[in-house]
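Source file: start23.cif. Holds: mmCIF, C-alpha atoms.
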data_coords
#
loop_
_atom_site.label_atom_id
_atom_site.label_comp_id
_atom_site.auth_asym_id
_atom_site.auth_seq_id
_atom_site.Cartn_x
_atom_site.Cartn_y
_atom_site.Cartn_z
CA MET Y 1 0.00 0.00 0.00
CA ALA Y 2 1.09 3.55 -0.62
CA ASN Y 3 -0.39 6.90 0.30
CA LEU Y 4 -1.13 8.54 -3.01
CA GLY Y 5 -3.44 11.46 -3.72
CA GLY Y 6 -4.57 11.51 -0.07
CA LYS Y 7 -5.69 7.89 0.06
CA GLU Y 8 -4.29 4.41 0.51
CA VAL Y 9 -3.65 2.82 -2.88
CA GLU Y 10 -2.48 -0.72 -3.48
CA VAL Y 11 0.73 -0.78 -5.52
CA ASN Y 12 3.03 -3.60 -6.60
CA GLU Y 13 6.67 -3.90 -5.56
CA GLY Y 14 7.72 -1.56 -8.36
CA GLY Y 15 5.23 1.04 -7.13
CA TYR Y 16 2.79 0.59 -10.03
CA VAL Y 17 -0.90 1.06 -9.22
CA MET Y 18 -2.53 -2.38 -8.96
CA HIS Y 19 -6.18 -1.45 -9.51
CA PRO Y 20 -6.96 0.98 -12.35
CA GLU Y 21 -10.04 2.27 -10.52
CA ASP Y 22 -7.79 3.69 -7.76
CA TRP Y 23 -6.12 6.06 -10.19
CA ASP Y 24 -7.03 9.73 -10.44
CA LYS Y 25 -5.18 12.94 -11.22
CA ALA Y 26 -4.10 13.43 -7.61
CA VAL Y 27 -2.64 9.90 -7.56
CA ALA Y 28 -0.80 10.70 -10.79
CA GLY Y 29 0.59 13.88 -9.26
CA ASP Y 30 1.99 12.00 -6.27
CA LEU Y 31 3.43 9.21 -8.42
CA ALA Y 32 5.15 11.87 -10.52
CA LYS Y 33 6.49 13.63 -7.43
CA GLU Y 34 8.07 10.36 -6.25
CA LEU Y 35 9.91 10.28 -9.58
CA GLY Y 36 10.97 13.90 -9.26
CA ILE Y 37 8.65 15.01 -12.03
CA ASN Y 38 6.38 18.06 -11.95
CA LEU Y 39 3.46 17.36 -14.25
CA THR Y 40 2.93 19.96 -16.97
CA ASP Y 41 0.50 20.04 -19.89
CA ALA Y 42 3.13 18.27 -22.01
CA HIS Y 43 3.27 15.41 -19.48
CA TRP Y 44 -0.51 15.19 -19.33
CA LYS Y 45 -0.74 14.90 -23.09
CA VAL Y 46 1.43 11.78 -22.92
CA VAL Y 47 -0.31 10.36 -19.84
CA ASP Y 48 -3.79 10.88 -21.31
CA TYR Y 49 -2.72 9.30 -24.60
CA LEU Y 50 -1.26 6.25 -22.82
CA ARG Y 51 -4.49 5.78 -20.88
CA GLU Y 52 -6.60 6.19 -23.99
CA GLN Y 53 -4.50 3.64 -25.91
CA HIS Y 54 -4.53 1.26 -22.97
CA GLY Y 55 -8.31 1.56 -22.88
CA GLN Y 56 -8.35 0.34 -26.48
CA GLY Y 57 -6.20 -2.63 -25.52
CA ILE Y 58 -3.11 -1.35 -27.31
CA GLU Y 59 0.23 -2.23 -25.72
CA MET Y 60 2.39 0.87 -26.00
CA SER Y 61 6.01 0.91 -27.10
CA ILE Y 62 8.36 3.88 -27.29
CA ARG Y 63 8.32 3.51 -31.06
CA LYS Y 64 4.52 3.75 -31.29
CA LEU Y 65 4.51 6.69 -28.91
CA GLY Y 66 7.20 8.42 -30.97
CA LYS Y 67 5.09 7.98 -34.10
CA SER Y 68 1.81 8.99 -32.47
CA GLY Y 69 2.22 12.70 -33.17
CA ILE Y 70 1.71 13.29 -29.44
CA VAL Y 71 5.38 13.53 -28.55
CA ASP Y 72 8.70 12.79 -30.21
CA ILE Y 73 11.17 10.41 -28.57
CA LYS Y 74 13.70 13.11 -27.64
CA THR Y 75 11.03 15.13 -25.84
CA LEU Y 76 9.72 12.01 -24.14
CA TYR Y 77 13.17 11.41 -22.60
CA GLU Y 78 13.21 15.04 -21.44
CA LEU Y 79 9.74 14.81 -19.90
CA PHE Y 80 10.35 11.52 -18.09
CA PRO Y 81 14.10 11.36 -17.41
CA GLY Y 82 15.44 7.93 -16.55
CA GLY Y 83 12.42 6.03 -17.82
CA PRO Y 84 10.58 7.58 -20.76
CA LEU Y 85 8.01 4.85 -21.21
CA LYS Y 86 7.93 3.14 -17.82
CA TYR Y 87 7.63 6.36 -15.82
CA ALA Y 88 4.94 7.71 -18.14
CA ALA Y 89 3.06 4.42 -17.76
CA LYS Y 90 3.52 4.45 -14.00
CA ILE Y 91 2.14 7.98 -13.65
CA ALA Y 92 -0.75 6.99 -15.93
CA GLY Y 93 -1.64 4.23 -13.46
CA LEU Y 94 -0.79 1.48 -15.94
CA HIS Y 95 1.43 -1.57 -15.49
CA ARG Y 96 5.11 -1.63 -16.38
CA PRO Y 97 5.51 -1.80 -20.17
CA THR Y 98 6.26 -5.32 -21.36
CA SER Y 99 7.81 -4.37 -24.70
CA CYS Y 100 11.59 -4.68 -25.10
CA VAL Y 101 11.62 -1.86 -27.62
CA MET D 1 11.10 -5.05 -9.84
CA GLU D 2 12.59 -1.60 -10.13
CA LYS D 3 16.00 -2.12 -8.57
CA ASN D 4 17.76 -5.41 -7.94
CA THR D 5 21.04 -4.17 -6.61
CA GLU D 6 22.35 -1.50 -4.30
CA LYS D 7 24.78 -0.39 -7.00
CA PRO D 8 23.01 -0.57 -10.35
CA ILE D 9 24.86 -0.23 -13.66
CA LYS D 10 25.02 3.39 -14.74
CA LYS D 11 26.37 2.92 -18.25
CA VAL D 12 26.81 0.27 -20.91
CA LEU D 13 29.42 0.42 -23.65
CA ILE D 14 28.38 -1.97 -26.40
CA VAL D 15 30.76 -3.17 -29.09
CA CYS D 16 29.08 -4.25 -32.32
CA SER D 17 31.65 -6.18 -34.35
CA LYS D 18 29.55 -8.13 -36.83
CA GLY D 19 27.42 -6.89 -39.67
CA SER D 20 24.63 -9.36 -40.30
CA LEU D 21 21.09 -8.41 -39.32
CA VAL D 22 20.99 -10.94 -36.49
CA ASP D 23 24.29 -9.67 -35.13
CA VAL D 24 23.44 -5.97 -35.27
CA TYR D 25 20.01 -6.20 -33.63
CA PRO D 26 21.15 -7.46 -30.20
CA SER D 27 23.46 -4.44 -29.87
CA LEU D 28 20.66 -2.07 -30.84
CA VAL D 29 18.08 -3.70 -28.55
CA MET D 30 20.49 -3.61 -25.62
CA ALA D 31 21.49 0.01 -26.19
CA ASN D 32 17.91 1.22 -26.58
CA GLY D 33 16.73 -0.93 -23.69
CA ALA D 34 19.42 0.53 -21.44
CA LEU D 35 18.43 4.11 -22.27
CA MET D 36 14.79 3.33 -21.54
CA GLU D 37 15.85 2.11 -18.08
CA GLY D 38 17.79 5.26 -17.39
CA ILE D 39 21.17 3.64 -18.11
CA GLU D 40 23.56 5.56 -20.36
CA ALA D 41 24.43 3.69 -23.54
CA GLU D 42 27.15 4.03 -26.15
CA LEU D 43 27.65 1.90 -29.25
CA PHE D 44 31.07 1.25 -30.78
CA PHE D 45 30.88 -0.15 -34.30
CA THR D 46 33.95 -2.04 -35.44
CA PHE D 47 34.94 -4.40 -38.25
CA PHE D 48 31.88 -5.59 -40.17
CA GLY D 49 29.60 -3.98 -37.62
CA LEU D 50 30.53 -0.71 -39.33
CA ASP D 51 28.15 -1.68 -42.14
CA ALA D 52 25.26 -0.68 -39.88
CA ILE D 53 26.40 2.96 -39.68
CA THR D 54 28.01 3.35 -43.11
CA LYS D 55 25.77 5.39 -45.41
CA LYS D 56 26.35 3.13 -48.42
CA THR D 57 25.61 -0.14 -46.61
CA MET D 58 23.29 0.60 -43.69
CA HIS D 59 20.21 0.07 -45.85
CA LYS D 60 21.59 -3.29 -46.96
CA VAL D 61 22.15 -5.01 -43.63
CA CYS D 62 20.92 -8.54 -44.24
CA MET D 63 21.08 -12.05 -42.84
CA THR D 64 22.40 -15.32 -44.20
CA PRO D 65 20.89 -18.75 -43.63
CA VAL D 66 24.30 -20.40 -44.20
CA GLY D 67 26.29 -21.92 -41.35
CA ASN D 68 23.64 -21.47 -38.72
CA PRO D 69 22.22 -24.77 -37.40
CA ALA D 70 19.58 -22.91 -35.37
CA MET D 71 18.14 -21.48 -38.58
CA ARG D 72 15.24 -23.77 -39.52
CA LEU D 73 13.24 -24.26 -42.64
CA PRO D 74 10.17 -22.06 -42.08
CA GLY D 75 7.53 -23.87 -40.04
CA THR D 76 9.70 -26.93 -39.35
CA THR D 77 12.49 -28.02 -37.00
CA PHE D 78 14.75 -29.05 -39.90
CA PRO D 79 17.98 -27.08 -40.17
CA PHE D 80 18.08 -24.86 -43.22
CA PRO D 81 20.38 -26.75 -45.67
CA ASN D 82 23.55 -24.75 -46.31
CA ILE D 83 23.49 -25.81 -49.94
CA ILE D 84 20.15 -24.05 -50.41
CA GLY D 85 21.40 -21.04 -48.49
CA ILE D 86 24.16 -20.42 -51.04
CA ILE D 87 21.73 -20.15 -53.95
CA PRO D 88 21.65 -16.51 -55.13
CA GLY D 89 18.64 -14.71 -53.71
CA VAL D 90 18.02 -17.05 -50.79
CA SER D 91 19.80 -14.74 -48.37
CA LEU D 92 17.68 -11.84 -49.64
CA LEU D 93 14.54 -13.91 -49.21
CA ALA D 94 15.51 -14.87 -45.65
CA THR D 95 16.26 -11.21 -44.93
CA TRP D 96 12.93 -10.14 -46.37
CA MET D 97 11.08 -12.67 -44.21
CA MET D 98 12.98 -11.61 -41.10
CA LYS D 99 12.35 -7.91 -41.78
CA ARG D 100 8.66 -8.59 -42.29
CA THR D 101 8.49 -10.32 -38.91
CA ILE D 102 10.42 -7.47 -37.28
CA GLU D 103 7.98 -4.89 -38.67
CA LYS D 104 4.99 -6.97 -37.56
CA LEU D 105 6.36 -7.05 -34.02
CA ASP D 106 6.68 -3.24 -34.02
CA ILE D 107 10.48 -3.45 -33.93
CA PRO D 108 12.21 -0.61 -35.79
CA THR D 109 14.55 -1.11 -38.75
CA ASN D 110 18.25 -0.97 -37.93
CA ILE D 111 18.37 2.61 -39.21
CA GLU D 112 15.35 3.82 -37.26
CA PHE D 113 16.69 2.03 -34.18
CA ILE D 114 19.81 4.19 -34.23
CA ASP D 115 17.59 7.29 -34.68
CA MET D 116 15.76 6.23 -31.50
CA ILE D 117 19.00 5.59 -29.62
CA ARG D 118 20.32 9.03 -30.64
CA ALA D 119 17.03 10.64 -29.58
CA GLY D 120 17.41 8.96 -26.20
CA GLY D 121 20.85 10.48 -25.70
CA GLY D 122 22.82 7.38 -26.70
CA LYS D 123 26.16 7.86 -28.40
CA VAL D 124 27.39 6.14 -31.56
CA TRP D 125 31.07 5.74 -32.39
CA GLY D 126 33.08 4.28 -35.26
CA CYS D 127 36.27 2.31 -34.63
CA LYS D 128 39.37 4.06 -36.01
CA MET D 129 41.39 0.95 -36.78
CA ALA D 130 38.60 -0.88 -38.60
CA MET D 131 37.78 2.26 -40.57
CA ASP D 132 41.42 2.59 -41.63
CA MET D 133 41.35 -1.06 -42.71
CA PHE D 134 38.19 -0.60 -44.75
CA GLY D 135 39.26 2.78 -46.14
CA LEU D 136 36.30 4.55 -44.49
CA LYS D 137 36.24 8.19 -43.43
CA LYS D 138 34.01 9.93 -40.92
CA GLU D 139 32.02 11.38 -43.87
CA ASP D 140 31.21 7.84 -45.00
CA LEU D 141 29.32 7.22 -41.76
CA ARG D 142 25.86 8.43 -40.78
CA ASP D 143 25.95 12.19 -40.20
CA ASP D 144 24.77 11.76 -36.62
CA VAL D 145 27.68 9.50 -35.59
CA ASP D 146 29.39 11.15 -32.62
CA GLY D 147 32.90 10.48 -33.83
CA VAL D 148 35.69 8.01 -34.49
CA LEU D 149 37.59 6.56 -31.54
CA THR D 150 40.60 4.39 -30.90
CA ILE D 151 40.00 1.50 -28.54
CA GLY D 152 41.89 3.39 -25.85
CA GLU D 153 39.59 6.39 -26.18
CA PHE D 154 36.64 4.03 -26.04
CA TYR D 155 37.83 2.44 -22.78
CA ALA D 156 38.37 5.91 -21.36
CA ARG D 157 34.60 6.39 -21.57
CA ALA D 158 34.06 3.62 -18.98
CA SER D 159 34.12 3.94 -15.20
CA ALA D 160 33.62 1.54 -12.28
CA ASP D 161 29.84 1.41 -12.76
CA THR D 162 30.07 0.75 -16.51
CA GLN D 163 29.66 -2.60 -18.23
CA ILE D 164 31.34 -3.31 -21.55
CA ILE D 165 29.43 -5.72 -23.76
CA PHE D 166 30.92 -7.32 -26.86
CA THR D 167 28.67 -8.64 -29.57
#
Give the structure from the file, written as C-alpha cells.
Amino acid sequence: MANLGGKEVEVNEGGYVMHPEDWDKAVAGDLAKELGINLTDAHWKVVDYLREQHGQGIEMSIRKLGKSGIVDIKTLYELFPGGPLKYAAKIAGLHRPTSCV
Amino acid sequence: MEKNTEKPIKKVLIVCSKGSLVDVYPSLVMANGALMEGIEAELFFTFFGLDAITKKTMHKVCMTPVGNPAMRLPGTTFPFPNIIGIIPGVSLLATWMMKRTIEKLDIPTNIEFIDMIRAGGGKVWGCKMAMDMFGLKKEDLRDDVDGVLTIGEFYARASADTQIIFT
C-alpha cells in the first residue's frame, strides 16, 4: 500500500498502481512527485494518450509513442528522465511496459 | 522489480563487431533498452559492424541462412540446408522474411533504431582501426555519428559502474 493522492492505494513492488479504478489525477501527481517530475501540460498529453490507448487494448512501445504525433522520442526522454516509457506508464496508473523496444 | 542491486549499472558500452542483421540487432536492442531504463548507452561499431552505420551499406544489412544450425526451414524443426542457403537470392529472401516479422512485431529497422538511440541520448562511435582497414572516413558514416575513436579512447569512456558488452 502507498499513500497517493490523499488515500491508501495498493501498488506492486515496483510502485505501479494495482487497480486501475484507484487512479485519479491526484494519484498521478503524487506518483510523478516520487519520480521527481512536476506534471505539466506536455506530461498530461502523454499520460492521457497512454491511458486512452490502454483503454483500447493497445500495448504501447516507445516507437509507437514516438510515431503517435503526441510527442517525439527526444522530448519524451526530457519529460520523463530515466524512464521515458515506464515512468509515463507508471504515472498513468498502468502496469510496467512489457515491450523490449 | 525496479532495482535489484544496491549499485546498479550506470552505463553500458556496447561493441558491435559483426554486420549481419541478427548480429546488429542485439546491440541495438540492448542500447535502446538501457536508455529506456535510465542507463547511459554508447555503441562502438567495429569491423563488419561498421556496415550498420556506413551510409552506403546501412540500408543493406541482411542475414544469411548459411552456417547457422539454429536457422530452420520455415515452419519446421529441420535445419536450413547450407546448400540451399548459397543459392543466389536465398539470403535476400531470408532477410525479407525476417524484416517482415520485425515490422509486424513493431520493432524498428536498424536505421530507425539508431535514430531512436540518438534521440534517447545514446552515443554512436566508429572504430578508427577498422575504418582505416576498410578505407572509411568519418564522412562515409551516418551524419549523426558522434565520432571516431581508438580502442583506448573508447575504454576511457568507462568507469567503475560501466559494463562493456561485446557482440
- Query: Of the candidates Y:Leu85, Y:Val9, Y:Leu50, Y:Leu4, which shows the shortest atom-to-atom distance to Leu31 (chain Y), using all atoms listed in the file?
  - Reply: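 Among the listed residues, Y:Leu4 lies closest to Leu31 (chain Y).
Closest approach to chain D among Y:Gln53, Y:Ser61, Y:Thr40, Y:Ser68 is made by Y:Ser61 (distances from all atoms listed in the file).
The part of chain D that reaches within 10 Å of chain Y is made up of D:Met1, D:Glu2, D:Lys3, D:Leu28, D:Val29, D:Met30, D:Asn32, D:Gly33, D:Ala34, D:Leu35, D:Met36, D:Glu37, D:Gly38, D:Ile39, D:Glu40, D:Leu105, D:Asp106, D:Ile107, D:Pro108, D:Glu112, D:Phe113, D:Asp115, D:Met116, D:Ile117, D:Arg118, D:Ala119, D:Gly120, D:Gly121, counting only C-alpha atoms.
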Residue IDs satisfying the PyMOL selection byres ((chain D and resi 131) around 12), as an mmCIF file with C-alpha atoms, keeping the file's coordinate frame:
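The resulting file, out_26.cif, is shown below:
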data_model
loop_
_atom_site.group_PDB
_atom_site.id
_atom_site.type_symbol
_atom_site.label_atom_id
_atom_site.label_comp_id
_atom_site.auth_asym_id
_atom_site.auth_seq_id
_atom_site.Cartn_x
_atom_site.Cartn_y
_atom_site.Cartn_z
ATOM 1 C CA PHE D 44 31.070 1.250 -30.780
ATOM 2 C CA PHE D 45 30.880 -0.150 -34.300
ATOM 3 C CA THR D 46 33.950 -2.040 -35.440
ATOM 4 C CA PHE D 47 34.940 -4.400 -38.250
ATOM 5 C CA PHE D 48 31.880 -5.590 -40.170
ATOM 6 C CA GLY D 49 29.600 -3.980 -37.620
ATOM 7 C CA LEU D 50 30.530 -0.710 -39.330
ATOM 8 C CA ASP D 51 28.150 -1.680 -42.140
ATOM 9 C CA ILE D 53 26.400 2.960 -39.680
ATOM 10 C CA THR D 54 28.010 3.350 -43.110
ATOM 11 C CA TRP D 125 31.070 5.740 -32.390
ATOM 12 C CA GLY D 126 33.080 4.280 -35.260
ATOM 13 C CA CYS D 127 36.270 2.310 -34.630
ATOM 14 C CA LYS D 128 39.370 4.060 -36.010
ATOM 15 C CA MET D 129 41.390 0.950 -36.780
ATOM 16 C CA ALA D 130 38.600 -0.880 -38.600
ATOM 17 C CA ASP D 132 41.420 2.590 -41.630
ATOM 18 C CA MET D 133 41.350 -1.060 -42.710
ATOM 19 C CA PHE D 134 38.190 -0.600 -44.750
ATOM 20 C CA GLY D 135 39.260 2.780 -46.140
ATOM 21 C CA LEU D 136 36.300 4.550 -44.490
ATOM 22 C CA LYS D 137 36.240 8.190 -43.430
ATOM 23 C CA LYS D 138 34.010 9.930 -40.920
ATOM 24 C CA GLU D 139 32.020 11.380 -43.870
ATOM 25 C CA ASP D 140 31.210 7.840 -45.000
ATOM 26 C CA LEU D 141 29.320 7.220 -41.760
ATOM 27 C CA GLY D 147 32.900 10.480 -33.830
ATOM 28 C CA VAL D 148 35.690 8.010 -34.490
ATOM 29 C CA LEU D 149 37.590 6.560 -31.540
ATOM 30 C CA THR D 150 40.600 4.390 -30.900
#
- Message: Report, in Å to a single decimal, how far apart CA of Ala42 (chain Y) and CA of Ala28 (chain Y) are.
- Response: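 Computing the Euclidean distance for CA of Ala28 (chain Y) and CA of Ala42 (chain Y) yields 14.1 Å.
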- Task: Starting from the shown file, work through the PyMOL selection byres ((chain D and resi 20) around 10) and note down what comes out as a list in words.
- Result: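 Written out, the selection comes to Ser17, Lys18, Gly19, Leu21, Val22, Asp23, Val24, Tyr25, Phe48, Gly49, Asp51, Ala52, Lys60, Val61, Cys62, Met63, Thr64 and Thr95 of chain D.
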Need to verify the contact set: Glu8 (chain Y), 12 Å, only C-alpha atoms, exclusion of same-chain residues closer than 6 positions in sequence. Can you return it as a compact mmCIF listing (two decimals) with C-alpha atoms, in the frame of the given file?
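Result went into result-v4.txt, see below:
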# COMPACT_ATOMS: atom_id res chain seq x y z
CA MET Y 1 0.00 0.00 0.00
CA ALA Y 2 1.09 3.55 -0.62
CA VAL Y 17 -0.90 1.06 -9.22
CA MET Y 18 -2.53 -2.38 -8.96
CA HIS Y 19 -6.18 -1.45 -9.51
CA ASP Y 22 -7.79 3.69 -7.76
CA TRP Y 23 -6.12 6.06 -10.19
CA VAL Y 27 -2.64 9.90 -7.56
CA ASP Y 30 1.99 12.00 -6.27
- Rounded to one decimal place, report the CA of Leu79 (chain Y)-CA of Asp41 (chain Y) distance in Å. 10.6 Å
If I wrap all listed atoms of region 74-88 of chain D in a box with edges along x, y and z and add 4 Å on each side, what are its centre and edge lengths in Å to one decimal, as lines of an AutoDock Vina configuration file?
center_x = 15.8
center_y = -22.8
center_z = -46.1
size_x = 24.6
size_y = 20.5
size_z = 26.1
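With CA of Phe166 (chain D) on one side and CA of Trp96 (chain D) on the other, the separation reads 26.7 Å.
Applied to the file shown here, the PyMOL selection byres ((chain D and resi 66) around 12) selects the residues Ser20, Met63, Thr64, Pro65, Gly67, Asn68, Pro69, Ala70, Met71, Arg72, Leu73, Pro79, Phe80, Pro81, Asn82, Ile83, Ile84, Gly85, Ile86, Ile87, Pro88, Val90, Ser91 and Ala94 of chain D.
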Is it possible to produce a file of region 128-145 of chain D from this structure, with N, CA and C atoms, as a PDB file, in the first residue's frame?
ATOM      1  N   LYS D 128      38.351   3.472 -35.132  1.00  0.00           N
ATOM      2  CA  LYS D 128      39.371   4.057 -36.007  1.00  0.00           C
ATOM      3  C   LYS D 128      40.122   2.983 -36.801  1.00  0.00           C
ATOM      4  N   MET D 129      40.554   1.942 -36.097  1.00  0.00           N
ATOM      5  CA  MET D 129      41.386   0.946 -36.775  1.00  0.00           C
ATOM      6  C   MET D 129      40.616   0.231 -37.896  1.00  0.00           C
ATOM      7  N   ALA D 130      39.394  -0.176 -37.587  1.00  0.00           N
ATOM      8  CA  ALA D 130      38.599  -0.883 -38.603  1.00  0.00           C
ATOM      9  C   ALA D 130      38.299   0.042 -39.775  1.00  0.00           C
ATOM     10  N   MET D 131      38.070   1.326 -39.486  1.00  0.00           N
ATOM     11  CA  MET D 131      37.783   2.264 -40.572  1.00  0.00           C
ATOM     12  C   MET D 131      39.007   2.460 -41.452  1.00  0.00           C
ATOM     13  N   ASP D 132      40.183   2.505 -40.839  1.00  0.00           N
ATOM     14  CA  ASP D 132      41.420   2.585 -41.631  1.00  0.00           C
ATOM     15  C   ASP D 132      41.557   1.349 -42.513  1.00  0.00           C
ATOM     16  N   MET D 133      41.245   0.189 -41.945  1.00  0.00           N
ATOM     17  CA  MET D 133      41.353  -1.060 -42.711  1.00  0.00           C
ATOM     18  C   MET D 133      40.411  -1.080 -43.906  1.00  0.00           C
ATOM     19  N   PHE D 134      39.196  -0.554 -43.685  1.00  0.00           N
ATOM     20  CA  PHE D 134      38.190  -0.597 -44.749  1.00  0.00           C
ATOM     21  C   PHE D 134      38.237   0.653 -45.632  1.00  0.00           C
ATOM     22  N   GLY D 135      39.166   1.551 -45.348  1.00  0.00           N
ATOM     23  CA  GLY D 135      39.257   2.782 -46.138  1.00  0.00           C
ATOM     24  C   GLY D 135      38.040   3.680 -45.960  1.00  0.00           C
ATOM     25  N   LEU D 136      37.487   3.722 -44.753  1.00  0.00           N
ATOM     26  CA  LEU D 136      36.301   4.551 -44.495  1.00  0.00           C
ATOM     27  C   LEU D 136      36.714   5.846 -43.790  1.00  0.00           C
ATOM     28  N   LYS D 137      36.022   6.921 -44.125  1.00  0.00           N
ATOM     29  CA  LYS D 137      36.238   8.193 -43.434  1.00  0.00           C
ATOM     30  C   LYS D 137      34.991   8.551 -42.658  1.00  0.00           C
ATOM     31  N   LYS D 138      35.143   9.496 -41.744  1.00  0.00           N
ATOM     32  CA  LYS D 138      34.006   9.932 -40.919  1.00  0.00           C
ATOM     33  C   LYS D 138      32.812  10.318 -41.810  1.00  0.00           C
ATOM     34  N   GLU D 139      33.101  10.930 -42.969  1.00  0.00           N
ATOM     35  CA  GLU D 139      32.021  11.376 -43.874  1.00  0.00           C
ATOM     36  C   GLU D 139      31.264  10.195 -44.471  1.00  0.00           C
ATOM     37  N   ASP D 140      31.886   9.012 -44.449  1.00  0.00           N
ATOM     38  CA  ASP D 140      31.206   7.836 -45.001  1.00  0.00           C
ATOM     39  C   ASP D 140      30.159   7.285 -44.027  1.00  0.00           C
ATOM     40  N   LEU D 141      30.250   7.725 -42.776  1.00  0.00           N
ATOM     41  CA  LEU D 141      29.324   7.224 -41.756  1.00  0.00           C
ATOM     42  C   LEU D 141      28.094   8.119 -41.671  1.00  0.00           C
ATOM     43  N   ARG D 142      27.055   7.611 -41.039  1.00  0.00           N
ATOM     44  CA  ARG D 142      25.861   8.429 -40.779  1.00  0.00           C
ATOM     45  C   ARG D 142      26.287   9.785 -40.236  1.00  0.00           C
ATOM     46  N   ASP D 143      25.562  10.842 -40.632  1.00  0.00           N
ATOM     47  CA  ASP D 143      25.951  12.188 -40.204  1.00  0.00           C
ATOM     48  C   ASP D 143      25.838  12.365 -38.694  1.00  0.00           C
ATOM     49  N   ASP D 144      24.976  11.560 -38.058  1.00  0.00           N
ATOM     50  CA  ASP D 144      24.772  11.763 -36.618  1.00  0.00           C
ATOM     51  C   ASP D 144      25.720  10.920 -35.748  1.00  0.00           C
ATOM     52  N   VAL D 145      26.683  10.237 -36.380  1.00  0.00           N
ATOM     53  CA  VAL D 145      27.684   9.501 -35.592  1.00  0.00           C
ATOM     54  C   VAL D 145      28.497  10.507 -34.773  1.00  0.00           C
TER      55      VAL D 145
END
